[in-house]
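Asks: I am sharing upload.tsv, which consists of TSV, N, CA and C atoms:
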chain	number	residue	atom	x	y	z
A	1	MET	N	112.93	128.63	120.23
A	1	MET	CA	113.07	127.19	120.14
A	1	MET	C	114.39	126.87	119.45
A	2	ASP	N	115.14	125.94	119.98
A	2	ASP	CA	116.42	125.61	119.36
A	2	ASP	C	116.22	124.69	118.15
A	3	GLU	N	117.28	124.51	117.39
A	3	GLU	CA	117.21	123.74	116.14
A	3	GLU	C	116.82	122.28	116.37
A	4	ALA	N	117.32	121.66	117.43
A	4	ALA	CA	117.01	120.26	117.73
A	4	ALA	C	115.53	120.09	118.04
A	5	ALA	N	114.97	121.01	118.79
A	5	ALA	CA	113.54	120.93	119.13
A	5	ALA	C	112.68	121.13	117.89
A	6	THR	N	113.07	122.07	117.04
A	6	THR	CA	112.35	122.30	115.80
A	6	THR	C	112.40	121.07	114.91
A	7	SER	N	113.57	120.45	114.84
A	7	SER	CA	113.75	119.26	114.02
A	7	SER	C	112.86	118.12	114.50
A	8	LYS	N	112.81	117.90	115.82
A	8	LYS	CA	111.98	116.83	116.38
A	8	LYS	C	110.51	117.06	116.11
A	9	SER	N	110.04	118.30	116.24
A	9	SER	CA	108.63	118.58	116.01
A	9	SER	C	108.27	118.41	114.54
A	10	ALA	N	109.22	118.65	113.65
A	10	ALA	CA	108.95	118.48	112.22
A	10	ALA	C	108.72	117.02	111.86
A	11	TYR	N	109.32	116.11	112.64
A	11	TYR	CA	109.20	114.67	112.38
A	11	TYR	C	108.16	113.98	113.25
A	12	ALA	N	107.43	114.73	114.05
A	12	ALA	CA	106.49	114.15	115.00
A	12	ALA	C	105.41	113.29	114.33
A	13	ASP	N	104.99	113.66	113.12
A	13	ASP	CA	103.92	112.92	112.44
A	13	ASP	C	104.43	111.72	111.65
A	14	ILE	N	105.73	111.54	111.57
A	14	ILE	CA	106.30	110.43	110.79
A	14	ILE	C	106.47	109.23	111.71
A	15	PRO	N	105.94	108.07	111.30
A	15	PRO	CA	106.08	106.87	112.13
A	15	PRO	C	107.55	106.55	112.41
A	16	LYS	N	107.84	106.09	113.62
A	16	LYS	CA	109.21	105.79	114.03
A	16	LYS	C	109.85	104.77	113.10
A	17	GLU	N	109.08	103.77	112.64
A	17	GLU	CA	109.64	102.74	111.75
A	17	GLU	C	110.18	103.37	110.45
A	18	TRP	N	109.45	104.36	109.94
A	18	TRP	CA	109.89	105.02	108.71
A	18	TRP	C	111.19	105.78	108.95
A	19	LEU	N	111.25	106.48	110.06
A	19	LEU	CA	112.47	107.23	110.38
A	19	LEU	C	113.66	106.29	110.56
A	20	ASP	N	113.42	105.16	111.23
A	20	ASP	CA	114.48	104.18	111.41
A	20	ASP	C	114.98	103.65	110.07
A	21	GLU	N	114.03	103.34	109.17
A	21	GLU	CA	114.41	102.85	107.84
A	21	GLU	C	115.19	103.91	107.06
A	22	PHE	N	114.75	105.16	107.15
A	22	PHE	CA	115.44	106.24	106.45
A	22	PHE	C	116.87	106.39	106.97
A	23	GLU	N	117.02	106.36	108.28
A	23	GLU	CA	118.36	106.52	108.86
A	23	GLU	C	119.27	105.35	108.48
A	24	ALA	N	118.71	104.14	108.44
A	24	ALA	CA	119.50	102.97	108.03
A	24	ALA	C	119.92	103.11	106.56
A	25	ALA	N	119.00	103.56	105.72
A	25	ALA	CA	119.32	103.74	104.30
A	25	ALA	C	120.38	104.82	104.11
A	26	ALA	N	120.31	105.88	104.90
A	26	ALA	CA	121.27	106.99	104.79
A	26	ALA	C	122.68	106.55	105.16
A	27	ARG	N	122.80	105.50	105.98
A	27	ARG	CA	124.12	104.99	106.37
A	27	ARG	C	124.74	104.07	105.31
A	28	ARG	N	123.93	103.59	104.36
A	28	ARG	CA	124.44	102.68	103.33
A	28	ARG	C	125.34	103.44	102.35
A	29	PRO	N	126.29	102.74	101.74
A	29	PRO	CA	127.12	103.39	100.71
A	29	PRO	C	126.26	103.85	99.53
A	30	LEU	N	126.69	104.88	98.86
A	30	LEU	CA	125.92	105.46	97.75
A	30	LEU	C	125.62	104.43	96.67
A	31	LYS	N	126.59	103.59	96.34
A	31	LYS	CA	126.39	102.58	95.29
A	31	LYS	C	125.22	101.66	95.65
A	32	GLU	N	125.15	101.26	96.90
A	32	GLU	CA	124.06	100.38	97.35
A	32	GLU	C	122.72	101.12	97.35
A	33	ARG	N	122.74	102.40	97.72
A	33	ARG	CA	121.51	103.20	97.71
A	33	ARG	C	120.96	103.33	96.29
A	34	PHE	N	121.85	103.54	95.31
A	34	PHE	CA	121.42	103.62	93.91
A	34	PHE	C	120.83	102.30	93.44
A	35	LYS	N	121.42	101.20	93.89
A	35	LYS	CA	120.95	99.88	93.49
A	35	LYS	C	119.48	99.68	93.82
A	36	TYR	N	119.06	100.17	94.97
A	36	TYR	CA	117.68	99.98	95.43
A	36	TYR	C	116.77	101.18	95.15
A	37	ALA	N	117.31	102.24	94.60
A	37	ALA	CA	116.52	103.47	94.42
A	37	ALA	C	115.61	103.42	93.20
A	38	PHE	N	115.95	102.61	92.22
A	38	PHE	CA	115.18	102.61	90.98
A	38	PHE	C	114.47	101.28	90.80
A	39	ILE	N	113.22	101.35	90.47
A	39	ILE	CA	112.41	100.15	90.29
A	39	ILE	C	112.15	99.96	88.80
A	40	LYS	N	112.48	98.80	88.29
A	40	LYS	CA	112.25	98.49	86.88
A	40	LYS	C	110.77	98.21	86.68
A	41	THR	N	110.14	98.97	85.83
A	41	THR	CA	108.74	98.80	85.53
A	41	THR	C	108.60	98.38	84.07
A	42	TYR	N	107.91	97.29	83.84
A	42	TYR	CA	107.68	96.82	82.48
A	42	TYR	C	106.82	97.83	81.73
A	43	LYS	N	107.27	98.19	80.53
A	43	LYS	CA	106.52	99.09	79.68
A	43	LYS	C	106.06	98.29	78.46
A	44	PRO	N	104.75	98.05	78.34
A	44	PRO	CA	104.25	97.24	77.24
A	44	PRO	C	104.74	97.76	75.89
A	45	VAL	N	105.04	96.88	75.01
A	45	VAL	CA	105.51	97.13	73.64
A	45	VAL	C	106.94	97.65	73.64
A	46	LEU	N	107.23	98.71	74.40
A	46	LEU	CA	108.58	99.29	74.41
A	46	LEU	C	109.62	98.27	74.86
A	47	ASP	N	109.30	97.46	75.86
A	47	ASP	CA	110.27	96.52	76.40
A	47	ASP	C	110.27	95.17	75.67
A	48	ASP	N	109.44	95.03	74.65
A	48	ASP	CA	109.31	93.74	73.98
A	48	ASP	C	110.34	93.51	72.88
A	49	ALA	N	111.13	94.50	72.53
A	49	ALA	CA	112.18	94.35	71.51
A	49	ALA	C	113.44	95.02	72.04
A	50	THR	N	114.59	94.50	71.63
A	50	THR	CA	115.84	95.08	72.11
A	50	THR	C	116.08	96.48	71.54
A	51	TYR	N	115.63	96.71	70.32
A	51	TYR	CA	115.75	98.06	69.74
A	51	TYR	C	114.79	98.19	68.56
A	52	ARG	N	114.55	99.41	68.17
A	52	ARG	CA	113.78	99.73	66.97
A	52	ARG	C	114.46	100.93	66.33
A	53	SER	N	114.41	101.00	65.03
A	53	SER	CA	114.97	102.17	64.36
A	53	SER	C	113.99	102.67	63.31
A	54	PHE	N	114.02	103.95	63.10
A	54	PHE	CA	113.12	104.61	62.17
A	54	PHE	C	113.92	105.56	61.30
A	55	ASP	N	113.50	105.71	60.06
A	55	ASP	CA	114.19	106.61	59.14
A	55	ASP	C	113.90	108.08	59.45
A	56	THR	N	112.71	108.34	59.96
A	56	THR	CA	112.35	109.73	60.25
A	56	THR	C	111.65	109.81	61.61
A	57	MET	N	111.63	110.99	62.16
A	57	MET	CA	110.90	111.22	63.41
A	57	MET	C	109.41	111.00	63.19
A	58	GLU	N	108.92	111.35	62.01
A	58	GLU	CA	107.50	111.16	61.71
A	58	GLU	C	107.13	109.68	61.74
A	59	GLU	N	107.99	108.80	61.20
A	59	GLU	CA	107.74	107.36	61.27
A	59	GLU	C	107.68	106.89	62.72
A	60	TYR	N	108.60	107.39	63.53
A	60	TYR	CA	108.63	107.04	64.94
A	60	TYR	C	107.33	107.47	65.63
A	61	ARG	N	106.90	108.70	65.37
A	61	ARG	CA	105.67	109.20	66.00
A	61	ARG	C	104.45	108.40	65.57
A	62	GLN	N	104.40	108.05	64.28
A	62	GLN	CA	103.28	107.24	63.80
A	62	GLN	C	103.29	105.86	64.46
A	63	TRP	N	104.48	105.28	64.61
A	63	TRP	CA	104.59	103.98	65.27
A	63	TRP	C	104.11	104.08	66.72
A	64	CYS	N	104.53	105.13	67.41
A	64	CYS	CA	104.10	105.32	68.80
A	64	CYS	C	102.58	105.42	68.89
A	65	GLU	N	101.98	106.21	68.02
A	65	GLU	CA	100.53	106.38	68.04
A	65	GLU	C	99.80	105.07	67.78
A	66	ALA	N	100.34	104.26	66.89
A	66	ALA	CA	99.68	103.02	66.51
A	66	ALA	C	99.91	101.88	67.51
A	67	ASN	N	101.01	101.93	68.27
A	67	ASN	CA	101.39	100.77	69.06
A	67	ASN	C	101.43	100.95	70.57
A	68	LEU	N	101.57	102.17	71.05
A	68	LEU	CA	101.77	102.37	72.49
A	68	LEU	C	100.50	102.83	73.19
A	69	PRO	N	100.26	102.34	74.41
A	69	PRO	CA	99.10	102.82	75.17
A	69	PRO	C	99.29	104.30	75.54
A	70	ASP	N	98.20	105.03	75.58
A	70	ASP	CA	98.25	106.47	75.87
A	70	ASP	C	98.91	106.77	77.20
A	71	TRP	N	98.71	105.92	78.20
A	71	TRP	CA	99.21	106.23	79.54
A	71	TRP	C	100.73	106.24	79.62
A	72	LEU	N	101.43	105.72	78.60
A	72	LEU	CA	102.89	105.81	78.61
A	72	LEU	C	103.37	107.22	78.28
A	73	GLY	N	102.51	108.04	77.69
A	73	GLY	CA	102.86	109.43	77.45
A	73	GLY	C	103.67	109.71	76.20
A	74	PHE	N	103.58	108.83	75.20
A	74	PHE	CA	104.32	109.06	73.96
A	74	PHE	C	103.46	109.66	72.86
A	75	GLY	N	102.29	110.17	73.22
A	75	GLY	CA	101.42	110.78	72.22
A	75	GLY	C	101.91	112.17	71.86
A	76	ARG	N	101.34	112.70	70.80
A	76	ARG	CA	101.68	114.07	70.40
A	76	ARG	C	101.07	115.06	71.39
A	77	VAL	N	101.72	116.18	71.56
A	77	VAL	CA	101.29	117.16	72.55
A	77	VAL	C	99.85	117.60	72.28
A	78	ALA	N	99.50	117.88	71.06
A	78	ALA	CA	98.14	118.33	70.74
A	78	ALA	C	97.12	117.26	71.12
A	79	ASP	N	97.43	115.98	70.88
A	79	ASP	CA	96.51	114.90	71.22
A	79	ASP	C	96.36	114.78	72.73
A	80	ILE	N	97.45	114.94	73.45
A	80	ILE	CA	97.41	114.84	74.91
A	80	ILE	C	96.60	116.00	75.48
A	81	GLU	N	96.80	117.20	74.95
A	81	GLU	CA	96.06	118.37	75.43
A	81	GLU	C	94.57	118.19	75.17
A	82	GLN	N	94.20	117.64	74.01
A	82	GLN	CA	92.79	117.41	73.71
A	82	GLN	C	92.18	116.39	74.66
A	83	ALA	N	92.94	115.32	74.94
A	83	ALA	CA	92.45	114.30	75.87
A	83	ALA	C	92.34	114.88	77.28
A	84	ASP	N	93.29	115.71	77.68
A	84	ASP	CA	93.23	116.35	79.00
A	84	ASP	C	91.98	117.22	79.11
A	85	ASN	N	91.71	117.99	78.06
A	85	ASN	CA	90.55	118.86	78.06
A	85	ASN	C	89.25	118.06	78.11
A	86	ALA	N	89.28	116.86	77.53
A	86	ALA	CA	88.09	116.01	77.53
A	86	ALA	C	88.02	115.16	78.80
A	87	GLY	N	89.07	115.25	79.66
A	87	GLY	CA	89.10	114.48	80.89
A	87	GLY	C	89.37	113.01	80.70
A	88	GLN	N	90.09	112.64	79.62
A	88	GLN	CA	90.30	111.24	79.30
A	88	GLN	C	91.61	110.67	79.78
A	89	THR	N	92.62	111.46	80.10
A	89	THR	CA	93.92	110.90	80.42
A	89	THR	C	94.11	110.62	81.90
A	90	GLY	N	93.43	111.32	82.75
A	90	GLY	CA	93.62	111.13	84.18
A	90	GLY	C	94.86	111.85	84.69
A	91	VAL	N	95.60	112.53	83.82
A	91	VAL	CA	96.79	113.27	84.22
A	91	VAL	C	96.36	114.64	84.70
A	92	GLN	N	96.95	115.06	85.83
A	92	GLN	CA	96.57	116.38	86.36
A	92	GLN	C	97.77	117.26	86.52
Take the structure in this file and express it as structure tokens.

Replies:
Amino acid sequence: MDEAATSKSAYADIPKEWLDEFEAAARRPLKERFKYAFIKTYKPVLDDATYRSFDTMEEYRQWCEANLPDWLGFGRVADIEQADNAGQTGVQ
């Protein structure tokens, strides 16, 4: 089988609209592709202040534990591992 035939069969399960969109995006300049590649997602608490500063890493970690939701992933490794073992985080 030649390379073109192999390539076509690899894309057989992909809807034509998706392939068309991909090809159109691939023709755009890199700067424009970067503009649309990243989606800004609001992060509760973290995005509510322009900056925060802490005197020590321990103060920062305590602040994270007290103020941030677990799903943001700023917990201590041991706490995350315990929650994973208990099936509480939903992370796999």

Asks: What's around range 45-59 of chain A at 8 Å? Count all atoms listed in the file, leave out sequence neighbours fewer than 5 positions away in its own chain, and write the answer as a ChimeraX atom specification.

Replies: /A:64-65,67-69

Asks: How many Å lie between CA of Arg33 in chain A and CA of Gly73 in chain A, rounded to one decimal?

Replies: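 Between CA of Arg33 in chain A and CA of Gly73 in chain A the gap works out to 28.2 Å.
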
Asks: Quick check, in Å to one decimal: how far apart do atom N of Ala25 in chain A and atom N of Phe38 in chain A lie?

Replies: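 Pair atom N of Ala25 in chain A / atom N of Phe38 in chain A returns 13.9 Å.
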
Asks: Considering only C-alpha atoms, return as a list in words whatever protein or nucleic-acid residues lie within 9 Å of Arg61 in chain A, sequence-local ones (same chain, fewer than 6 positions apart) excluded.

Replies: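 Close residues of Arg61 in chain A: Phe74, Gly75 and Arg76 of chain A.
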
Asks: Report, in Å with one decimal, the straight-line distance from CA of Tyr42 in chain A to CA of Phe22 in chain A.

Replies: 26.9 Å

Asks: Could you check the closest approach to Leu72 in chain A for each of A:Arg28, A:Asn85, A:Pro44, A:Tyr60 and tell me which residue wins, using only N, CA and C atoms?

Replies: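 For Leu72 in chain A, the nearest of the candidates is A:Pro44.
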
Asks: Which of range 1-78 of chain A counts as alpha helix (DSSP H) under DSSP, as an MDAnalysis selection string please?

Replies: chainID A and resid 3:10 16:27 30:37 57:67 77:78
